[in-house]
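Listing of my_file.cif; format and content: mmCIF, C-alpha atoms and all ligand atoms.
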```cif
data_target
loop_
_atom_site.label_atom_id
_atom_site.label_comp_id
_atom_site.auth_asym_id
_atom_site.auth_seq_id
_atom_site.Cartn_x
_atom_site.Cartn_y
_atom_site.Cartn_z
CA MET Y 1 85.54 253.43 -130.15
CA SER Y 2 85.01 253.82 -126.44
CA PRO Y 3 84.15 257.22 -125.00
CA ALA Y 4 87.32 258.97 -123.89
CA SER Y 5 86.28 258.71 -120.24
CA ALA Y 6 85.70 254.93 -120.16
CA LYS Y 7 88.67 253.17 -118.56
CA PHE Y 8 89.79 249.58 -118.80
CA ILE Y 9 91.51 248.36 -115.62
CA THR Y 10 93.02 244.91 -115.09
CA PHE Y 11 94.24 243.09 -111.97
CA GLU Y 12 97.11 240.66 -112.33
CA GLY Y 13 99.36 238.67 -110.03
CA GLY Y 14 99.92 235.27 -108.48
CA GLU Y 15 97.49 232.87 -106.84
CA GLY Y 16 95.78 234.14 -103.70
CA SER Y 17 97.41 237.58 -103.89
CA GLY Y 18 94.06 239.35 -103.49
CA LYS Y 19 93.16 240.21 -107.10
CA SER Y 20 89.49 239.23 -106.88
CA THR Y 21 89.06 240.91 -103.49
CA GLN Y 22 90.60 244.16 -104.70
CA ALA Y 23 88.80 244.09 -108.07
CA ARG Y 24 85.48 243.83 -106.20
CA ARG Y 25 86.42 246.64 -103.82
CA LEU Y 26 87.55 248.97 -106.59
CA ALA Y 27 84.36 248.31 -108.59
CA ALA Y 28 82.25 249.03 -105.50
CA ARG Y 29 84.12 252.25 -104.78
CA LEU Y 30 83.74 253.52 -108.35
CA GLN Y 31 80.05 252.60 -108.40
CA LYS Y 32 79.54 254.44 -105.12
CA ASP Y 33 81.10 257.50 -106.75
CA GLY Y 34 78.59 257.24 -109.60
CA VAL Y 35 80.95 255.75 -112.19
CA PRO Y 36 79.17 253.05 -114.25
CA THR Y 37 81.42 250.05 -113.72
CA VAL Y 38 81.42 246.48 -114.99
CA LEU Y 39 83.35 243.85 -113.02
CA THR Y 40 84.43 240.82 -115.00
CA ARG Y 41 87.08 238.10 -114.94
CA GLU Y 42 89.30 235.83 -116.99
CA PRO Y 43 89.28 233.16 -117.99
CA GLY Y 44 85.54 233.69 -118.34
CA GLY Y 45 83.34 236.75 -118.40
CA SER Y 46 81.01 235.52 -121.16
CA PRO Y 47 78.94 232.33 -121.43
CA PHE Y 48 81.34 230.75 -123.93
CA ALA Y 49 84.44 231.83 -122.04
CA GLU Y 50 83.06 230.48 -118.76
CA ARG Y 51 82.78 227.07 -120.45
CA VAL Y 52 86.42 227.33 -121.51
CA ARG Y 53 87.33 228.41 -117.96
CA ALA Y 54 85.81 225.25 -116.52
CA LEU Y 55 87.87 223.16 -118.92
CA LEU Y 56 91.11 225.09 -118.32
CA LEU Y 57 90.98 225.04 -114.52
CA ASP Y 58 89.59 221.55 -113.94
CA PRO Y 59 92.32 219.36 -112.38
CA ALA Y 60 90.80 216.45 -114.35
CA THR Y 61 91.64 218.14 -117.68
CA PRO Y 62 94.62 216.31 -119.21
CA ALA Y 63 97.83 218.32 -119.60
CA HIS Y 64 97.87 219.83 -123.08
CA GLY Y 65 100.94 222.08 -123.00
CA PRO Y 66 101.37 225.85 -122.74
CA LEU Y 67 100.77 226.55 -126.44
CA ALA Y 68 97.37 224.82 -126.46
CA GLU Y 69 96.60 226.58 -123.19
CA ALA Y 70 97.49 229.96 -124.69
CA LEU Y 71 95.17 229.24 -127.62
CA LEU Y 72 92.30 228.26 -125.34
CA PHE Y 73 92.76 231.32 -123.11
CA SER Y 74 92.89 233.43 -126.27
CA ALA Y 75 89.72 231.90 -127.71
CA ALA Y 76 87.93 232.66 -124.45
CA ARG Y 77 89.38 236.20 -124.46
CA ALA Y 78 88.22 236.89 -128.01
CA ASP Y 79 84.62 236.12 -127.05
CA HIS Y 80 84.86 237.95 -123.71
CA LEU Y 81 86.09 241.08 -125.49
CA ASN Y 82 83.35 240.93 -128.13
CA VAL Y 83 80.47 240.00 -125.87
CA ALA Y 84 81.27 241.93 -122.69
CA ILE Y 85 84.31 244.22 -122.57
CA ARG Y 86 83.98 246.20 -125.82
CA PRO Y 87 80.21 246.75 -125.53
CA ALA Y 88 80.63 247.99 -121.93
CA LEU Y 89 83.43 250.42 -122.85
CA ALA Y 90 81.44 251.61 -125.89
CA ALA Y 91 78.51 252.36 -123.58
CA GLY Y 92 80.80 254.49 -121.39
CA ALA Y 93 81.24 252.03 -118.51
CA TRP Y 94 84.54 251.43 -116.81
CA VAL Y 95 85.61 247.80 -117.02
CA ILE Y 96 87.53 246.09 -114.25
CA CYS Y 97 88.86 242.69 -115.25
CA ASP Y 98 90.21 240.15 -112.76
CA ARG Y 99 93.16 238.78 -114.82
CA PHE Y 100 93.63 239.47 -118.53
CA ALA Y 101 96.26 238.99 -121.24
CA ASP Y 102 99.22 239.56 -118.92
CA SER Y 103 98.35 236.30 -117.18
CA THR Y 104 98.77 234.51 -120.52
CA ARG Y 105 102.08 236.33 -121.00
CA VAL Y 106 103.33 235.17 -117.63
CA TYR Y 107 101.85 231.66 -117.24
CA GLN Y 108 102.20 230.46 -120.82
CA GLY Y 109 104.99 232.80 -121.99
CA TYR Y 110 107.38 233.52 -119.14
CA ALA Y 111 106.75 230.26 -117.25
CA GLY Y 112 105.64 228.09 -120.19
CA ASN Y 113 108.08 229.24 -122.89
CA VAL Y 114 105.49 230.03 -125.55
CA PRO Y 115 107.50 232.43 -127.77
CA ALA Y 116 106.78 236.14 -127.32
CA ALA Y 117 106.21 236.47 -131.08
CA VAL Y 118 103.31 233.99 -130.87
CA LEU Y 119 101.75 235.86 -127.94
CA ASP Y 120 102.32 239.21 -129.71
CA ALA Y 121 100.44 237.91 -132.75
CA LEU Y 122 97.56 236.57 -130.64
CA GLU Y 123 97.29 239.85 -128.74
CA HIS Y 124 97.37 241.83 -131.96
CA ALA Y 125 94.59 239.74 -133.51
CA ILE Y 126 92.41 239.40 -130.43
CA ILE Y 127 92.91 242.47 -128.29
CA GLY Y 128 93.79 245.00 -130.98
CA GLU Y 129 93.25 248.47 -129.54
CA THR Y 130 91.36 247.29 -126.44
CA ARG Y 131 94.39 247.53 -124.17
CA PRO Y 132 94.18 248.22 -120.43
CA ASP Y 133 94.61 251.84 -119.30
CA LEU Y 134 95.83 250.60 -115.93
CA THR Y 135 97.11 247.21 -114.77
CA LEU Y 136 97.44 246.62 -111.05
CA VAL Y 137 99.95 243.86 -110.40
CA VAL Y 138 99.28 242.58 -106.90
CA ASP Y 139 102.57 241.27 -105.54
CA MET Y 140 102.67 238.91 -102.61
CA ASP Y 141 104.91 236.40 -100.89
CA VAL Y 142 104.21 233.11 -102.70
CA GLY Y 143 103.70 230.98 -99.59
CA GLU Y 144 101.33 233.51 -98.07
CA GLY Y 145 99.30 233.78 -101.28
CA LEU Y 146 98.94 230.01 -101.62
CA ALA Y 147 97.97 229.76 -97.92
CA ARG Y 148 95.28 232.40 -98.45
CA ALA Y 149 93.95 230.57 -101.50
CA HIS Y 150 93.92 227.30 -99.56
CA ALA Y 151 92.12 228.90 -96.58
CA ARG Y 152 89.51 230.32 -98.97
CA ARG Y 153 88.77 226.86 -100.38
CA VAL Y 154 88.39 225.38 -96.92
CA ALA Y 155 86.18 228.28 -95.75
CA LYS Y 156 83.92 228.01 -98.76
CA THR Y 157 84.00 224.22 -98.61
CA GLU Y 158 84.84 224.52 -102.27
CA ARG Y 159 86.06 221.41 -103.96
CA ASN Y 160 89.10 220.94 -101.74
CA ASP Y 161 91.63 220.37 -104.48
CA ALA Y 162 93.66 223.16 -106.01
CA ASP Y 163 92.88 224.11 -109.61
CA ARG Y 164 95.22 223.02 -112.41
CA PHE Y 165 97.52 226.03 -111.98
CA GLU Y 166 97.35 226.56 -108.23
CA GLY Y 167 98.35 222.92 -107.73
CA ARG Y 168 101.75 223.40 -109.43
CA ASP Y 169 104.97 223.41 -107.39
CA ARG Y 170 106.52 226.28 -105.47
CA THR Y 171 109.19 226.96 -108.12
CA PHE Y 172 106.45 227.51 -110.70
CA HIS Y 173 104.75 230.08 -108.45
CA GLU Y 174 108.05 231.87 -107.74
CA THR Y 175 108.62 232.05 -111.51
CA LEU Y 176 105.15 233.56 -111.95
CA ARG Y 177 105.86 236.19 -109.30
CA GLN Y 178 109.08 237.22 -111.04
CA GLY Y 179 107.31 237.15 -114.40
CA PHE Y 180 104.67 239.62 -113.26
CA LEU Y 181 107.33 241.91 -111.75
CA ASP Y 182 109.36 241.85 -114.99
CA LEU Y 183 106.24 242.50 -117.06
CA ALA Y 184 105.37 245.51 -114.86
CA LYS Y 185 108.88 246.87 -115.26
CA ALA Y 186 108.67 246.53 -119.04
CA ASN Y 187 105.30 248.35 -119.18
CA PRO Y 188 105.66 251.21 -116.70
CA GLN Y 189 103.14 253.46 -118.48
CA ARG Y 190 100.20 251.23 -117.54
CA CYS Y 191 101.45 248.87 -114.80
CA VAL Y 192 101.65 249.61 -111.08
CA VAL Y 193 102.97 246.99 -108.66
CA ILE Y 194 100.78 246.90 -105.55
CA ASP Y 195 102.13 245.44 -102.31
CA GLY Y 196 99.50 242.79 -101.47
CA SER Y 197 100.52 242.40 -97.83
CA GLY Y 198 98.56 243.85 -94.91
CA SER Y 199 94.82 244.15 -94.46
CA GLU Y 200 92.32 244.30 -97.32
CA GLU Y 201 91.80 247.96 -96.44
CA ASP Y 202 95.54 248.70 -96.60
CA VAL Y 203 95.79 247.12 -100.04
CA ALA Y 204 92.61 248.88 -101.24
CA ALA Y 205 94.12 252.23 -100.23
CA ARG Y 206 97.23 251.45 -102.33
CA VAL Y 207 95.04 250.46 -105.28
CA TRP Y 208 92.98 253.64 -105.01
CA GLY Y 209 96.12 255.78 -104.82
CA ALA Y 210 97.48 254.16 -107.99
CA ALA Y 211 94.15 254.61 -109.81
CA GLN Y 212 94.04 258.28 -108.85
CA ARG Y 213 97.61 258.85 -110.00
CA VAL Y 214 97.45 256.99 -113.31
CA LEU Y 215 93.86 257.74 -114.35
CA GLY Y 216 93.65 261.25 -112.92
CA ILE Y 217 90.66 260.46 -110.69
CA ALA Y 218 89.92 263.27 -108.24
N1 LIG W 1 94.67 241.65 -97.48
C1 LIG W 1 94.22 240.44 -97.15
N2 LIG W 1 94.53 239.89 -95.96
C2 LIG W 1 94.08 238.65 -95.64
N3 LIG W 1 93.33 237.87 -96.43
C3 LIG W 1 93.00 238.37 -97.63
C4 LIG W 1 93.42 239.66 -98.06
N4 LIG W 1 92.94 239.88 -99.32
C5 LIG W 1 92.26 238.76 -99.64
N5 LIG W 1 92.28 237.86 -98.64
C6 LIG W 1 91.68 236.53 -98.63
O1 LIG W 1 92.61 235.65 -99.27
C7 LIG W 1 91.94 234.76 -100.14
C8 LIG W 1 92.46 234.99 -101.56
O2 LIG W 1 92.06 236.29 -102.00
P1 LIG W 1 91.51 236.50 -103.47
O3 LIG W 1 90.53 235.43 -103.81
O4 LIG W 1 91.07 237.91 -103.58
O5 LIG W 1 92.87 236.29 -104.28
P2 LIG W 1 93.09 236.06 -105.84
O6 LIG W 1 94.36 236.75 -106.15
O7 LIG W 1 91.89 236.45 -106.58
O8 LIG W 1 93.29 234.49 -105.87
P3 LIG W 1 93.25 233.50 -107.18
O9 LIG W 1 94.56 233.67 -107.84
O10 LIG W 1 93.10 232.15 -106.57
O11 LIG W 1 92.09 233.93 -108.01
C9 LIG W 1 90.44 235.04 -99.96
O12 LIG W 1 89.91 234.14 -99.02
C10 LIG W 1 90.40 236.45 -99.44
O13 LIG W 1 89.26 236.70 -98.66
MG MG W 2 90.70 235.33 -107.90
#
```

The structure given in the file should be rewritten as structure tokens.
Amino acid sequence: MSPASAKFITFEGGEGSGKSTQARRLAARLQKDGVPTVLTREPGGSPFAERVRALLLDPATPAHGPLAEALLFSAARADHLNVAIRPALAAGAWVICDRFADSTRVYQGYAGNVPAAVLDALEHAIIGETRPDLTLVVDMDVGEGLARAHARRVAKTERNDADRFEGRDRTFHETLRQGFLDLAKANPQRCVVIDGSGSEEDVAARVWGAAQRVLGIA
């Protein structure tokens, strides 16, 4: 069991919406306030899960269908929870995770048609009680998000091809956006939709306001 004060916060949303930027900023703000905080990400977050991440995101990985994807994301998540998330929460740290199970719900479920009953069963077996206290769904115009993600790759001279998901067509990304909004609506007790437009500081202020409201931070 985690100490009552340890919180589990996830960031969700489409490509380039600002999840990683805002997850970093929130972790830094909490740490500055003296809250022990662990920043992690999915897919990944543990040595095994990072290996699965490389496979899942590599454009050279052959298409294997949404069900096989959901199983791979879930295998990575099981290890990430056991190796990183649960131990951190048990030690009293807050955990901020850049993407989590809602991404599987939306990419493989809503957009990929993996039945909800299958995803329910996987979540039950893998996540169990380790559910997020707060999920920040960063919502953003699809074209703007993809442009940001593209600009980031160019700036970092990263491999200049989009990953296996980012490279999908515009309709796919519009479906994802709607999927995240629907998911937030269906889970209002833990989800807050954050407008991802404006400066990083503007968005960070919205995130902080939501965290204060939902988690009762002073
Ligand atoms: N509010 C903002 N205004 C302008 N640019 C931003 C803003 N927030 C983030 N960026 C930039 O946009 C790019 C994408 O942001 P970020 O990597 O945080 O998004 P993401 O949601 O994590 O993307 P991905 O889905 O690819 O992981 C980065 O280069 C980042 O510096
Ligand atoms: Mg990111």

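Atom pair atom N3 of ligand LIG 1 (chain W) / CA of Gly196 (chain Y): separated by 9.4 Å.
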
Requested in this report: Can you tell me which residues come within 9 Å of ligand LIG 1 (chain W) when counting all atoms listed in the file, ideally as a PyMOL selection string?
Outcome: chain Y and resi 11-24+98-99+138+145-153+155-156+163+166+196-204

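One finds CA of Ala28 (chain Y) at 16.9 Å from CA of Gly92 (chain Y).
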
Query raised in the report: CA of Pro66 (chain Y) and CA of Asn113 (chain Y), how far apart in Å?
Result: 7.5 Å

Requested in this report: Determine, counting all atoms listed in the file, which protein, DNA and RNA residues have an atom within 12 Å of an atom of Phe73 (chain Y); residues of the same chain fewer than 6 positions away are not included. Present the result as a VMD selection string.
Outcome: chain Y and resid 42 to 45 48 to 57 66 to 67 79 to 80 99 to 105 107 to 108 119 122 to 123 126

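You can rank Y:Thr40, Y:Asp169, Y:Ala63, Y:Ala68 by their closest distance to ligand MG 2 (chain W) using only C-alpha atoms and all ligand atoms, and at the top of that list sits Y:Thr40.
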
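Distance check against Val35 (chain Y) using only C-alpha atoms: of Y:Lys7, Y:Arg77, Y:His124, Y:Lys185, the minimum falls on Y:Lys7.
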
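The smallest atom-to-atom distance between ligand MG 2 (chain W) and any of Y:Cys97, Y:Val83, Y:Ala75, Y:Leu89, using all atoms listed in the file, is found for Y:Cys97.
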
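Each of Y:Asp133, Y:Asp139, Y:Asp120, Y:Asp33 was compared to Cys191 (chain Y) using only C-alpha atoms, and Y:Asp133 turns out to be the nearest.
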
Query - Residue nearest ligand MG 2 (chain W) - candidates Y:Arg41, Y:Ile194, Y:Gly65, Y:Arg86, atoms counted: all atoms listed in the file - result: Y:Arg41

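Of the listed residues (Y:Val192, Y:Ala84, Y:Ala205, Y:Ile96), Y:Ile96 comes nearest to Leu30 (chain Y); the distances count all atoms listed in the file.
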